[in-house]
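Visitor: I have a structure I would like to understand better, so I am pasting it below and will then ask my questions one at a time.
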Amino acid sequence: MKIRGLFHTPFDSLELVKNLNMTHAHLLLENGRGDEFYAKAHTLGLHCMISEGTEGKTIIEFLGGRNPCPDCFVTCPDEPNLRGISPQVVRAISNTFNAAGWETFVALSDIRSYSGYEGVASIIAFSQYEDWTLWRKLKMLVRLKLFRIKSKAKILAIIPVKPGKLARHYSTWKNLIRTDGYFFYSFVPNQESPPWASVDVSELPYVQEILRRINRDAVE
């Protein structure tokens with residue numbers, strides 16, 4: 001499966017996420033709706049990336065007693081290479097979830113080195129939110145080629161939901177290096193810093209159409 005997902009998916013927008021040809025929704029464990037979100041996503045044919053929120057269950061509590069879904073995955077600490085969280089710590093967390101039958105996900109920041117993080121999760125994603133210059137393209141190409149020599153993880157690109165630049169970011173990733181999928185950041189671009197749009201994806205029909213086209217193209 002070529003993974004296509006959207007960060008920060010609202011419960012009330014799961015149908016829209018499916019309509020955008022996504023395969024995965026982001027289940028943020030908060031407000032006590034995790035079980036409802038998980039069930040509805042699967043009813044729609046979506047899978048979940050499961051993360052801890054600010055006021056809900058922990059991932060361990062949520063997964064307890066639940067049969068693992070081979071296409072869902074759980075998150076490890078976000079951008080550990082930027083936050084000073086060692087590869088050993090991330091790998092230990094990932095191994096705990098893997099032992100319970102779940103795949104794991106970690107996003108790495110392009111601001112710091114990727115060295116040592118090659119085997120920390122089942123799925124490793126890379127972000128690059130700035131406009132692509134020739135230097136940034138060459139640098140990312142070399143970094144990921146070196147990373148893949150040591151890594152057996154699935155590789156995802158994290159693409160910013162920037163109106164007017166979304167398609168260009170996708171095209172660059174597609175032509176830069178083969179990936180196992182994409183996660184788009186995020187359903188609520190009006191909440192990013194700086195904000196990439198004044199409203200969220202549900203109110204951006206132009207962005208919705210770009211996402212549909214990208215997701216169709218990604219599996220052709």
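Residue numbering restarts at 1 for every chain of the structure tokens, chains are lettered A, B, ... in their displayed order, and ligands are numbered from 1 as they appear.
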Once you count only C-alpha atoms, what closest atom pair and distance in Å to one decimal does each residue of range 68-134 of chain A within 10 Å of range 13-30 of chain A have, with rows by chain and rising residue number, as JSON lines?
Guide:
```
{"residue": "A:Asp71", "atom": "CA", "partner": "A:His24", "partner_atom": "CA", "distance": 8.8}
{"residue": "A:Cys72", "atom": "CA", "partner": "A:His24", "partner_atom": "CA", "distance": 7.8}
{"residue": "A:Phe73", "atom": "CA", "partner": "A:His24", "partner_atom": "CA", "distance": 9.6}
{"residue": "A:Val74", "atom": "CA", "partner": "A:Leu27", "partner_atom": "CA", "distance": 9.4}
```
Visitor: Grab the residues selected above and save them as a PDB file, in the first residue's frame with N, CA, C and O atoms.
Guide:
```pdb
ATOM      1  N   ASP A  71      -2.180  -2.408   8.976  1.00  0.00           N
ATOM      2  CA  ASP A  71      -1.998  -1.192   8.186  1.00  0.00           C
ATOM      3  C   ASP A  71      -2.081   0.087   9.007  1.00  0.00           C
ATOM      4  O   ASP A  71      -1.853   1.175   8.473  1.00  0.00           O
ATOM      5  N   CYS A  72      -2.415  -0.014  10.284  1.00  0.00           N
ATOM      6  CA  CYS A  72      -2.346   1.137  11.170  1.00  0.00           C
ATOM      7  C   CYS A  72      -0.956   1.189  11.806  1.00  0.00           C
ATOM      8  O   CYS A  72      -0.237   0.187  11.813  1.00  0.00           O
ATOM      9  N   PHE A  73      -0.587   2.346  12.326  1.00  0.00           N
ATOM     10  CA  PHE A  73       0.696   2.438  13.019  1.00  0.00           C
ATOM     11  C   PHE A  73       0.617   3.500  14.101  1.00  0.00           C
ATOM     12  O   PHE A  73      -0.296   4.333  14.119  1.00  0.00           O
ATOM     13  N   VAL A  74       1.556   3.424  15.041  1.00  0.00           N
ATOM     14  CA  VAL A  74       1.563   4.337  16.183  1.00  0.00           C
ATOM     15  C   VAL A  74       2.822   5.195  16.135  1.00  0.00           C
ATOM     16  O   VAL A  74       3.849   4.806  15.588  1.00  0.00           O
TER      17      VAL A  74
END
```
Visitor: If we count only C-alpha atoms, what is near Val89 in chain A at a cut-off of 10 Å, once residues fewer than 4 positions away on the same chain are taken out, given as a PyMOL selection string?
Guide: chain A and resi 76-77+80+85+93-95+120
Visitor: Please produce a file of those selected residues containing N, CA and C atoms, as a CSV table (one decimal), in the first residue's frame.
Guide:
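The file below, part16.csv, is the result:
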```
chain,number,residue,atom,x,y,z
A,76,CYS,N,6.1,7.4,17.5
A,76,CYS,CA,7.1,7.5,18.5
A,76,CYS,C,7.3,9.0,18.7
A,77,PRO,N,8.2,9.4,19.7
A,77,PRO,CA,8.4,10.9,19.9
A,77,PRO,C,8.7,11.6,18.6
A,80,PRO,N,12.7,13.5,17.0
A,80,PRO,CA,13.6,13.2,18.1
A,80,PRO,C,15.0,13.8,17.9
A,85,ILE,N,16.3,13.6,21.6
A,85,ILE,CA,15.9,12.3,22.1
A,85,ILE,C,16.8,11.3,21.4
A,93,ILE,N,11.1,2.5,22.6
A,93,ILE,CA,9.7,2.7,22.5
A,93,ILE,C,9.1,2.0,21.3
A,94,SER,N,9.7,2.1,20.2
A,94,SER,CA,9.2,1.4,19.0
A,94,SER,C,9.2,-0.1,19.2
A,95,ASN,N,10.2,-0.7,19.8
A,95,ASN,CA,10.3,-2.1,20.0
A,95,ASN,C,9.1,-2.6,20.9
A,120,VAL,N,15.1,3.1,13.9
A,120,VAL,CA,14.3,3.4,15.1
A,120,VAL,C,12.8,3.1,15.0
```
Visitor: So which bits of range 19-199 of chain A end up strand (DSSP E) when you DSSP the backbone, as a ChimeraX atom specification?
Guide: /A:24-29,47-52,73-75,103-108,123-127,154-160,181-185
Visitor: Compare A:Thr172, A:Arg148, A:Glu79, A:Pro68 by their minimum atom-to-atom distance to Thr133 in chain A, counting only C-alpha atoms, and give me the closest one.
Guide: A:Thr172
Visitor: What lies within 10 Å of Phe62 in chain A using only C-alpha atoms, ignoring chain neighbours under 6 positions off, as a list in words?
Guide: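 The residues satisfying every condition are Leu29, Gly34, Asp35, Ile50, Glu52 and Gly56 of chain A.
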Visitor: Can I get the selected residues back with N, CA, C and O atoms, as a PDB file, in the first residue's frame?
Guide:
```
ATOM      1  N   LEU A  29      -5.248  11.132  20.211  1.00  0.00           N
ATOM      2  CA  LEU A  29      -5.995  10.656  21.376  1.00  0.00           C
ATOM      3  C   LEU A  29      -6.279  11.802  22.340  1.00  0.00           C
ATOM      4  O   LEU A  29      -5.481  12.142  23.211  1.00  0.00           O
ATOM      5  N   GLY A  34     -11.311   8.485  20.842  1.00  0.00           N
ATOM      6  CA  GLY A  34     -10.400   7.611  20.128  1.00  0.00           C
ATOM      7  C   GLY A  34     -11.051   6.353  19.590  1.00  0.00           C
ATOM      8  O   GLY A  34     -10.866   5.988  18.416  1.00  0.00           O
ATOM      9  N   ASP A  35     -11.818   5.668  20.415  1.00  0.00           N
ATOM     10  CA  ASP A  35     -12.473   4.429  19.980  1.00  0.00           C
ATOM     11  C   ASP A  35     -13.458   4.698  18.846  1.00  0.00           C
ATOM     12  O   ASP A  35     -13.532   3.937  17.874  1.00  0.00           O
ATOM     13  N   ILE A  50      -1.765   6.667  14.965  1.00  0.00           N
ATOM     14  CA  ILE A  50      -2.262   6.899  16.316  1.00  0.00           C
ATOM     15  C   ILE A  50      -1.222   7.652  17.139  1.00  0.00           C
ATOM     16  O   ILE A  50      -0.080   7.204  17.281  1.00  0.00           O
ATOM     17  N   GLU A  52      -0.614  10.303  20.798  1.00  0.00           N
ATOM     18  CA  GLU A  52      -1.164  10.809  22.054  1.00  0.00           C
ATOM     19  C   GLU A  52      -1.521  12.277  21.914  1.00  0.00           C
ATOM     20  O   GLU A  52      -0.812  13.047  21.279  1.00  0.00           O
ATOM     21  N   GLY A  56      -6.213  12.841  26.531  1.00  0.00           N
ATOM     22  CA  GLY A  56      -6.872  11.567  26.293  1.00  0.00           C
ATOM     23  C   GLY A  56      -6.068  10.416  26.857  1.00  0.00           C
ATOM     24  O   GLY A  56      -5.196  10.594  27.711  1.00  0.00           O
TER      25      GLY A  56
END
```
Visitor: Pick out each residue of range 143-200 of chain A that DSSP on the backbone tags as alpha helix (DSSP H); I need them as a PDB file with N, CA and C atoms, in the first residue's frame.
Guide:
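Dumped to part.pdb:
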```pdb
ATOM      1  N   ARG A 143      21.298  12.925   1.439  1.00  0.00           N
ATOM      2  CA  ARG A 143      21.013  12.493   2.812  1.00  0.00           C
ATOM      3  C   ARG A 143      20.136  11.240   2.832  1.00  0.00           C
ATOM      4  N   LEU A 144      19.112  11.203   1.972  1.00  0.00           N
ATOM      5  CA  LEU A 144      18.220  10.048   1.981  1.00  0.00           C
ATOM      6  C   LEU A 144      18.863   8.816   1.353  1.00  0.00           C
ATOM      7  N   LYS A 145      19.680   9.011   0.357  1.00  0.00           N
ATOM      8  CA  LYS A 145      20.375   7.859  -0.234  1.00  0.00           C
ATOM      9  C   LYS A 145      21.316   7.222   0.786  1.00  0.00           C
ATOM     10  N   LEU A 146      22.038   8.054   1.537  1.00  0.00           N
ATOM     11  CA  LEU A 146      22.909   7.534   2.582  1.00  0.00           C
ATOM     12  C   LEU A 146      22.098   6.870   3.696  1.00  0.00           C
ATOM     13  N   PHE A 147      20.954   7.467   4.035  1.00  0.00           N
ATOM     14  CA  PHE A 147      20.087   6.920   5.080  1.00  0.00           C
ATOM     15  C   PHE A 147      19.589   5.532   4.693  1.00  0.00           C
ATOM     16  N   ARG A 148      19.194   5.369   3.442  1.00  0.00           N
ATOM     17  CA  ARG A 148      18.586   4.112   3.009  1.00  0.00           C
ATOM     18  C   ARG A 148      19.596   2.982   2.923  1.00  0.00           C
ATOM     19  N   ILE A 149      20.866   3.295   2.852  1.00  0.00           N
ATOM     20  CA  ILE A 149      21.887   2.244   2.860  1.00  0.00           C
ATOM     21  C   ILE A 149      21.824   1.463   4.169  1.00  0.00           C
ATOM     22  N   LYS A 150      21.501   2.167   5.262  1.00  0.00           N
ATOM     23  CA  LYS A 150      21.485   1.559   6.593  1.00  0.00           C
ATOM     24  C   LYS A 150      20.084   1.243   7.102  1.00  0.00           C
ATOM     25  N   LEU A 166       1.642  23.372  -2.919  1.00  0.00           N
ATOM     26  CA  LEU A 166       1.457  21.965  -2.582  1.00  0.00           C
ATOM     27  C   LEU A 166       1.869  21.050  -3.730  1.00  0.00           C
ATOM     28  N   ALA A 167       1.379  21.330  -4.939  1.00  0.00           N
ATOM     29  CA  ALA A 167       1.690  20.474  -6.086  1.00  0.00           C
ATOM     30  C   ALA A 167       3.181  20.488  -6.399  1.00  0.00           C
ATOM     31  N   ARG A 168       3.809  21.645  -6.237  1.00  0.00           N
ATOM     32  CA  ARG A 168       5.243  21.760  -6.519  1.00  0.00           C
ATOM     33  C   ARG A 168       6.062  20.940  -5.521  1.00  0.00           C
ATOM     34  N   HIS A 169       5.671  20.975  -4.248  1.00  0.00           N
ATOM     35  CA  HIS A 169       6.360  20.158  -3.251  1.00  0.00           C
ATOM     36  C   HIS A 169       6.234  18.673  -3.595  1.00  0.00           C
ATOM     37  N   TYR A 170       5.033  18.245  -3.961  1.00  0.00           N
ATOM     38  CA  TYR A 170       4.829  16.841  -4.315  1.00  0.00           C
ATOM     39  C   TYR A 170       5.678  16.455  -5.517  1.00  0.00           C
ATOM     40  N   SER A 171       5.659  17.285  -6.548  1.00  0.00           N
ATOM     41  CA  SER A 171       6.422  16.999  -7.762  1.00  0.00           C
ATOM     42  C   SER A 171       7.910  16.851  -7.459  1.00  0.00           C
ATOM     43  N   THR A 172       8.407  17.709  -6.567  1.00  0.00           N
ATOM     44  CA  THR A 172       9.825  17.630  -6.209  1.00  0.00           C
ATOM     45  C   THR A 172      10.136  16.311  -5.519  1.00  0.00           C
ATOM     46  N   TRP A 173       9.297  15.924  -4.539  1.00  0.00           N
ATOM     47  CA  TRP A 173       9.528  14.652  -3.859  1.00  0.00           C
ATOM     48  C   TRP A 173       9.429  13.482  -4.822  1.00  0.00           C
ATOM     49  N   LYS A 174       8.435  13.508  -5.693  1.00  0.00           N
ATOM     50  CA  LYS A 174       8.234  12.407  -6.636  1.00  0.00           C
ATOM     51  C   LYS A 174       9.447  12.228  -7.538  1.00  0.00           C
ATOM     52  N   ASN A 175      10.013  13.333  -8.014  1.00  0.00           N
ATOM     53  CA  ASN A 175      11.140  13.272  -8.932  1.00  0.00           C
ATOM     54  C   ASN A 175      12.485  13.185  -8.225  1.00  0.00           C
ATOM     55  N   LEU A 176      12.469  13.463  -6.915  1.00  0.00           N
ATOM     56  CA  LEU A 176      13.718  13.475  -6.158  1.00  0.00           C
ATOM     57  C   LEU A 176      14.146  12.070  -5.751  1.00  0.00           C
TER      58      LEU A 176
END
```
Visitor: Just how far from CA of Arg112 in chain A is CA of Leu141 in chain A, in Å to one decimal?
Guide: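 Here the two named atoms are 15.3 Å from each other.
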Visitor: Rank nothing, just name the residue among A:Val201, A:Ile159, A:Ile59, A:Leu46 nearest to Met1 in chain A, using only C-alpha atoms.
Guide: A:Leu46
Visitor: Between A:Gly84, A:Val219, A:Ile124, A:Ser198, which one has atoms that come closest to Phe183 in chain A, using only C-alpha atoms?
Guide: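 Closest to Phe183 in chain A, using only C-alpha atoms: A:Ile124.
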Visitor: I'd like the neighbourhood of Ala153 in chain A as number ranges by chain, where a residue qualifies if any of its atoms comes within 8 Å (using only C-alpha atoms), though same-chain residues fewer than 6 positions away should be ignored.
Guide: A: 118-119, 121-124
Visitor: With N, CA and C atoms retained, write the just-selected residues as an mmCIF file, in the first residue's frame.
Guide:
```
data_model
loop_
_atom_site.group_PDB
_atom_site.id
_atom_site.type_symbol
_atom_site.label_atom_id
_atom_site.label_comp_id
_atom_site.auth_asym_id
_atom_site.auth_seq_id
_atom_site.Cartn_x
_atom_site.Cartn_y
_atom_site.Cartn_z
ATOM 1 N N GLU A 118 18.428 5.409 11.724
ATOM 2 C CA GLU A 118 18.033 4.591 10.574
ATOM 3 C C GLU A 118 17.115 3.426 10.943
ATOM 4 N N GLY A 119 17.255 2.875 12.141
ATOM 5 C CA GLY A 119 16.457 1.700 12.491
ATOM 6 C C GLY A 119 15.512 1.892 13.650
ATOM 7 N N ALA A 121 12.303 2.927 13.786
ATOM 8 C CA ALA A 121 10.864 2.708 13.626
ATOM 9 C C ALA A 121 10.597 1.946 12.334
ATOM 10 N N SER A 122 9.378 1.420 12.214
ATOM 11 C CA SER A 122 8.974 0.710 10.998
ATOM 12 C C SER A 122 8.842 1.653 9.825
ATOM 13 N N ILE A 123 8.385 2.886 10.108
ATOM 14 C CA ILE A 123 8.140 3.906 9.094
ATOM 15 C C ILE A 123 8.839 5.181 9.546
ATOM 16 N N ILE A 124 9.666 5.758 8.664
ATOM 17 C CA ILE A 124 10.385 6.984 9.007
ATOM 18 C C ILE A 124 10.054 8.043 7.964
#
```
Visitor: Set the distance at 8 Å and use only C-alpha atoms: which residues neighbour Val199 in chain A once local chain neighbours fewer than 5 positions away are removed? I'd like the list as number ranges by chain.
Guide: A: 188-190, 204
Visitor: So that I can see what lies close to Tyr117 in chain A, please list as an NGL selection string the residues with an atom at most 8 Å from it, counting only C-alpha atoms and leaving out residues fewer than 3 positions away in the same chain.
Guide: :A and (81 or 87 or 114 or 120)
Visitor: Between CA of Tyr38 in chain A and CA of Gly64 in chain A, what is the spacing in Å?
Guide: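 CA of Gly64 in chain A sits 13.8 Å away from CA of Tyr38 in chain A.
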Visitor: Give me, as a ChimeraX atom specification, all polymer residues having an atom no more than 12 Å from Tyr185 in chain A, counting only C-alpha atoms and skipping those fewer than 4 positions away in the same chain.
Guide: /A:4-9,25-26,107,125-129,157-163,166,169,189-193,195-197,200-201,211
Visitor: Using only C-alpha atoms, can you tell me which of A:Leu63, A:Arg212, A:Gly116, A:Glu130 comes closest to Asn98 in chain A?
Guide: A:Leu63
Visitor: Between CA of Phe105 in chain A and CA of Arg178 in chain A, what distance in Å does the model show, to one decimal?
Guide: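 So the answer is 18.1 Å.
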Visitor: Between A:Ser113, A:Ile60, A:Leu82, A:Arg136, single out the one closest to Ala100 in chain A, counting only C-alpha atoms.
Guide: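 Closest to Ala100 in chain A of all the choices is A:Ile60.
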